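**Student:** Got a structure for you, my_file_19.txt, holding compact mmCIF, C-alpha atoms.
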# COMPACT_ATOMS: atom_id res chain seq x y z
CA MET S 292 145.69 118.15 187.51
CA LEU S 293 148.55 116.40 185.72
CA GLY S 294 148.34 115.20 182.15
CA VAL S 295 150.66 113.54 179.66
CA ILE S 296 151.05 114.07 175.92
CA ASP S 297 152.83 111.95 173.34
CA THR S 298 152.66 111.02 169.68
CA TYR S 299 152.28 107.63 168.04
CA GLY S 300 153.10 106.71 164.46
CA ILE S 301 150.51 104.73 162.51
CA GLU S 302 151.71 102.95 159.40
CA LEU S 303 149.40 102.96 156.39
CA ILE S 304 151.74 101.49 153.78
CA HIS S 305 155.29 100.15 153.69
CA PRO S 306 157.87 102.87 152.93
CA MET S 307 158.94 101.07 149.74
CA ARG S 308 155.41 101.55 148.36
CA GLU S 309 155.46 105.34 148.92
CA GLY S 310 154.40 107.39 145.91
CA ARG S 311 152.91 104.53 143.88
CA SER S 312 149.38 105.83 144.21
CA PRO S 313 148.13 109.39 143.56
CA GLN S 314 145.55 108.85 146.33
CA GLN S 315 148.15 108.13 149.03
CA ILE S 316 147.08 109.90 152.23
CA GLY S 317 150.09 109.19 154.44
CA ARG S 318 153.46 110.90 154.36
CA LYS S 319 156.91 109.59 155.24
CA GLY S 320 158.10 110.30 158.76
CA LEU S 321 160.00 108.79 161.66
CA SER S 322 158.29 106.77 164.36
CA ASN S 323 160.27 104.97 167.06
CA HIS S 324 163.50 105.50 165.09
CA ARG S 325 162.20 103.87 161.91
CA TRP S 326 160.63 105.23 158.75
CA ILE S 327 156.91 104.83 158.21
CA VAL S 328 154.45 106.16 155.65
CA GLY S 329 151.25 107.06 157.40
CA GLY S 330 149.88 109.28 160.10
CA LYS S 331 150.75 110.54 163.54
CA LEU S 332 148.33 110.37 166.46
CA CYS S 333 148.81 112.78 169.35
CA LEU S 334 147.20 111.85 172.69
CA VAL S 335 146.59 113.87 175.83
CA LEU S 336 145.87 111.71 178.87
CA ASN S 337 144.64 112.76 182.28
CA GLN S 338 146.14 111.44 185.52
CA TRP S 339 144.00 108.28 185.38
CA GLY S 340 145.05 107.36 181.84
CA LEU S 341 141.86 108.39 180.06
CA ILE S 342 142.18 110.09 176.70
CA VAL S 343 140.97 113.66 177.13
CA GLY S 344 142.26 115.07 173.84
CA TRP S 345 143.65 113.81 170.58
CA ALA S 346 144.57 114.97 167.10
CA CYS S 347 146.13 113.43 164.02
CA ALA S 348 148.27 114.56 161.13
CA THR S 349 150.54 113.00 158.55
CA ALA S 350 153.68 111.29 159.87
CA ASN S 351 156.02 113.99 158.54
CA VAL S 352 154.90 116.71 160.98
CA ALA S 353 156.89 117.63 164.07
CA ASP S 354 155.49 117.11 167.57
CA THR S 355 155.41 120.90 168.01
CA THR S 356 152.53 120.94 165.51
CA PHE S 357 150.30 119.65 168.33
CA GLN S 358 151.06 122.45 170.80
CA TRP S 359 147.55 123.81 170.19
CA LEU S 360 146.25 120.67 171.90
CA ILE S 361 148.28 121.49 175.03
CA ARG S 362 146.98 125.08 175.04
CA GLN S 363 143.39 123.78 175.24
CA PHE S 364 144.12 122.61 178.78
CA ASP S 365 145.73 125.85 179.96
CA GLU S 366 144.92 126.64 183.63
CA ARG S 367 143.25 123.21 184.00
CA MET S 368 146.14 120.78 183.54
CA ILE S 369 149.94 120.72 183.61
CA VAL S 370 150.92 118.60 180.63
CA LEU S 371 154.10 116.50 180.83
CA SER S 372 155.86 115.80 177.54
CA ASP S 373 159.11 114.61 176.06
CA THR S 374 161.50 117.16 174.59
CA GLY S 375 160.03 116.72 171.10
CA PHE S 376 157.23 119.15 171.99
CA HIS S 377 159.67 121.98 172.76
CA ALA S 378 159.53 124.78 170.21
CA THR S 379 162.34 127.28 169.72
CA GLU S 380 159.96 129.95 170.95
CA GLY S 381 156.44 130.06 172.30
CA ASP S 382 155.96 126.91 174.40
CA PRO S 383 152.55 126.79 176.14
CA ALA S 384 152.62 127.92 179.79
CA ASN S 385 151.18 124.61 181.00
CA LEU S 386 153.79 122.46 179.20
CA LYS S 387 156.37 120.71 181.40
CA LEU S 388 159.23 119.20 179.41
CA CYS S 389 160.64 116.01 180.88
CA GLN S 390 164.14 114.75 180.17
CA ARG S 391 164.54 111.06 179.36
CA GLY S 392 164.46 108.97 182.55
CA LYS S 393 162.78 111.65 184.67
CA TRP S 394 159.16 111.92 185.79
CA GLU S 395 157.89 108.33 185.96
CA ASP S 396 154.37 109.75 185.52
CA ARG S 397 155.10 109.85 181.77
CA MET S 398 155.20 106.04 181.71
CA LEU S 399 151.40 106.13 181.83
CA VAL S 400 151.33 107.16 178.17
CA GLU S 401 153.57 104.22 177.23
CA THR S 402 151.08 101.86 178.91
CA VAL S 403 148.21 103.39 176.96
CA LEU S 404 150.12 103.26 173.66
CA SER S 405 150.94 99.61 174.33
CA MET S 406 147.25 98.81 174.86
CA LEU S 407 146.35 100.68 171.66
CA THR S 408 148.90 98.57 169.79
CA VAL S 409 148.28 95.13 171.26
CA VAL S 410 144.57 95.15 172.05
CA LEU S 411 143.06 97.68 169.63
CA HIS S 412 145.50 97.03 166.73
CA CYS S 413 146.16 100.69 166.07
CA LYS S 414 149.76 100.51 164.81
CA LYS S 415 148.89 99.46 161.26
CA VAL S 416 145.55 100.38 159.73
CA MET S 417 144.12 99.90 156.26
CA GLN S 418 142.04 103.04 155.68
CA ARG S 419 142.75 104.72 152.34
CA GLY S 420 140.86 107.99 152.80
CA TRP S 421 141.76 110.68 155.33
CA ALA S 422 138.17 110.98 156.64
CA TYR S 423 138.04 107.21 157.18
CA PHE S 424 141.42 107.29 158.92
CA GLN S 425 140.18 110.01 161.31
CA ALA S 426 136.93 108.12 161.92
CA ARG S 427 138.88 104.96 162.78
CA LEU S 428 140.99 106.92 165.26
CA ALA S 429 137.92 108.57 166.80
CA PHE S 430 136.25 105.19 167.25
CA THR S 431 139.44 103.72 168.74
CA MET S 432 139.85 106.59 171.25
CA ALA S 433 136.22 106.31 172.35
CA ALA S 434 136.41 102.51 172.60
CA PHE S 435 139.59 102.75 174.67
CA ASN S 436 137.98 105.12 177.20
CA VAL S 437 134.90 102.90 177.51
CA LEU S 438 136.88 99.67 177.87
CA VAL S 439 139.30 101.06 180.46
CA GLN S 440 136.36 102.13 182.63
CA TRP S 441 134.48 98.85 182.15
CA HIS S 442 135.11 97.67 185.71
CA GLY S 443 135.55 101.18 187.13
CA LEU S 444 138.73 103.05 187.86
CA GLN S 445 139.69 101.44 191.17
CA PRO S 446 142.82 102.97 192.75
CA ASN S 447 145.07 100.73 194.83
CA ALA S 448 146.39 101.64 198.31
CA SER S 449 148.98 104.06 196.91
CA GLY S 450 146.38 105.85 194.74
CA PHE S 451 147.60 104.31 191.47
CA VAL S 452 144.84 103.29 189.06
CA PRO S 453 145.95 100.16 187.15
CA LEU S 454 144.80 100.14 183.55
CA SER S 455 144.00 96.89 181.79
CA ILE S 456 141.94 95.87 178.80
CA ALA S 457 143.90 92.70 178.02
CA GLU S 458 140.97 90.44 178.92
CA LEU S 459 138.97 92.13 176.15
CA SER S 460 141.57 91.37 173.48
CA LEU S 461 140.44 89.25 170.55
Please express what this file holds, its structure, as structure tokens.

**Tutor:**
Amino acid sequence: MLGVIDTYGIELIHPMREGRSPQQIGRKGLSNHRWIVGGKLCLVLNQWGLIVGWACATANVADTTFQWLIRQFDERMIVLSDTGFHATEGDPANLKLCQRGKWEDRMLVETVLSMLTVVLHCKKVMQRGWAYFQARLAFTMAAFNVLVQWHGLQPNASGFVPLSIAELSL
């Protein structure tokens, strides 16, 4: 089975407000070539676009931090990723690094991340405690999987399963 992994930055506060509160849970890191202060969500999707694994950390961690998530699917799934998941040594056996512009199968994760942003408003969240932040992400991942399967996963003639939850957007 093929899978896809990618990370997604979630902004908790504006970078200019970093360090103003001793209870700040997010850290400064890069997301989509811009600085954020917040967290990083890592998603593993199966070939139909369902979330089969996820983890979160502060925004300052490298993508290689989530290699343990890839190892969980060893011998069950080949996981496609961008080059950010490549470690200097010790990549998981089931990790397939994809250069930019190769392997269109990776575009599935961009579709899912777009739906998380537009429909489930996951790019900026307001939680101020780490446990609440993780609970919000857990709820969002579960809600996404339920909503995507609402009408069933119906493949078209070429075997592609179109994903859409736009009609459920508020």

**Student:** Considering all atoms listed in the file, can you say which of S:Leu428, S:Val335, S:Ala422, S:Ile369 comes closest to S:Glu401?

**Tutor:**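 Looking at the shortest contact to S:Glu401, the residue is S:Val335.
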
**Student:** Can you tell me, as a list in words, what residues are no more than 10 Å from S:Glu366 when counting only C-alpha atoms, ignoring any on the same chain fewer than 4 positions away?

**Tutor:** Met292, Arg362, Ala384 and Asn385 of chain S

**Student:** For S:Ser372, which of S:Ala434, S:Met417, S:Val410, S:Leu336 is the closest residue, counting only C-alpha atoms?

**Tutor:** S:Leu336

**Student:** From the options S:Ala433, S:Ala426, S:Ile327, S:Val370, which residue's atoms come nearest to S:Asp382, counting only C-alpha atoms?

**Tutor:** S:Val370

**Student:** If I take atom CA of S:Trp326 and atom CA of S:Val352, how far is one from the other in Å, to one decimal?

**Tutor:**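 Separation of atom CA of S:Trp326 and atom CA of S:Val352: 13.0 Å.
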
**Student:** Out of S:Ala350, S:Leu444, S:Cys389, S:Leu454, which residue has the shortest atom-to-atom distance to S:Ser405 when counting all atoms listed in the file?

**Tutor:**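 Counting all atoms listed in the file, the residue closest to S:Ser405 is S:Leu454.
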
**Student:** Which residue is closest to S:Tyr299? Choose from S:Lys393, S:Arg367, S:Lys387, S:Lys415 and count all atoms listed in the file.

**Tutor:**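 Looking only at the distances to S:Tyr299, the closest residue turns out to be S:Lys415.
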
**Student:** Using only C-alpha atoms, collect all residues at a distance of at most 12 Å from (148.2, 110.2, 148.8) as written in the file, then present them as a PyMOL selection string.

**Tutor:** chain S and resi 303-304+308-319+328-330+349+418-421

**Student:** How about saving the chosen residues, C-alpha atoms kept, as a PDB file, in the frame of the given file?

**Tutor:**
ATOM      1  CA  LEU S 303     149.400 102.960 156.390  1.00  0.00           C
ATOM      2  CA  ILE S 304     151.740 101.490 153.780  1.00  0.00           C
ATOM      3  CA  ARG S 308     155.410 101.550 148.360  1.00  0.00           C
ATOM      4  CA  GLU S 309     155.460 105.340 148.920  1.00  0.00           C
ATOM      5  CA  GLY S 310     154.400 107.390 145.910  1.00  0.00           C
ATOM      6  CA  ARG S 311     152.910 104.530 143.880  1.00  0.00           C
ATOM      7  CA  SER S 312     149.380 105.830 144.210  1.00  0.00           C
ATOM      8  CA  PRO S 313     148.130 109.390 143.560  1.00  0.00           C
ATOM      9  CA  GLN S 314     145.550 108.850 146.330  1.00  0.00           C
ATOM     10  CA  GLN S 315     148.150 108.130 149.030  1.00  0.00           C
ATOM     11  CA  ILE S 316     147.080 109.900 152.230  1.00  0.00           C
ATOM     12  CA  GLY S 317     150.090 109.190 154.440  1.00  0.00           C
ATOM     13  CA  ARG S 318     153.460 110.900 154.360  1.00  0.00           C
ATOM     14  CA  LYS S 319     156.910 109.590 155.240  1.00  0.00           C
ATOM     15  CA  VAL S 328     154.450 106.160 155.650  1.00  0.00           C
ATOM     16  CA  GLY S 329     151.250 107.060 157.400  1.00  0.00           C
ATOM     17  CA  GLY S 330     149.880 109.280 160.100  1.00  0.00           C
ATOM     18  CA  THR S 349     150.540 113.000 158.550  1.00  0.00           C
ATOM     19  CA  GLN S 418     142.040 103.040 155.680  1.00  0.00           C
ATOM     20  CA  ARG S 419     142.750 104.720 152.340  1.00  0.00           C
ATOM     21  CA  GLY S 420     140.860 107.990 152.800  1.00  0.00           C
ATOM     22  CA  TRP S 421     141.760 110.680 155.330  1.00  0.00           C
TER      23      TRP S 421
END

**Student:** Do you know which residues are at most 10 Å from S:Trp441 counting all atoms listed in the file, after dropping those on the same chain fewer than 5 positions away, and could you put them as a list in words?

**Tutor:** Phe435, Asn436, Ser455 and Ile456 of chain S

**Student:** From the set S:Leu386, S:Ala378, S:Leu360, S:Leu341, which residue has the shortest atom-to-atom contact distance to S:Gln440, counting all atoms listed in the file?

**Tutor:**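 With all atoms listed in the file as the atom set, the closest residue is S:Leu341.
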
**Student:** Would you work out the distance separating atom CA of S:Cys347 from atom CA of S:Lys331, expressed in Å to one decimal?

**Tutor:**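 For atom CA of S:Cys347 relative to atom CA of S:Lys331, the distance reads 5.5 Å.
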
**Student:** Tell me, in Å to one decimal, how far atom CA of S:Gly381 is from atom CA of S:Ile342.

**Tutor:** 24.9 Å
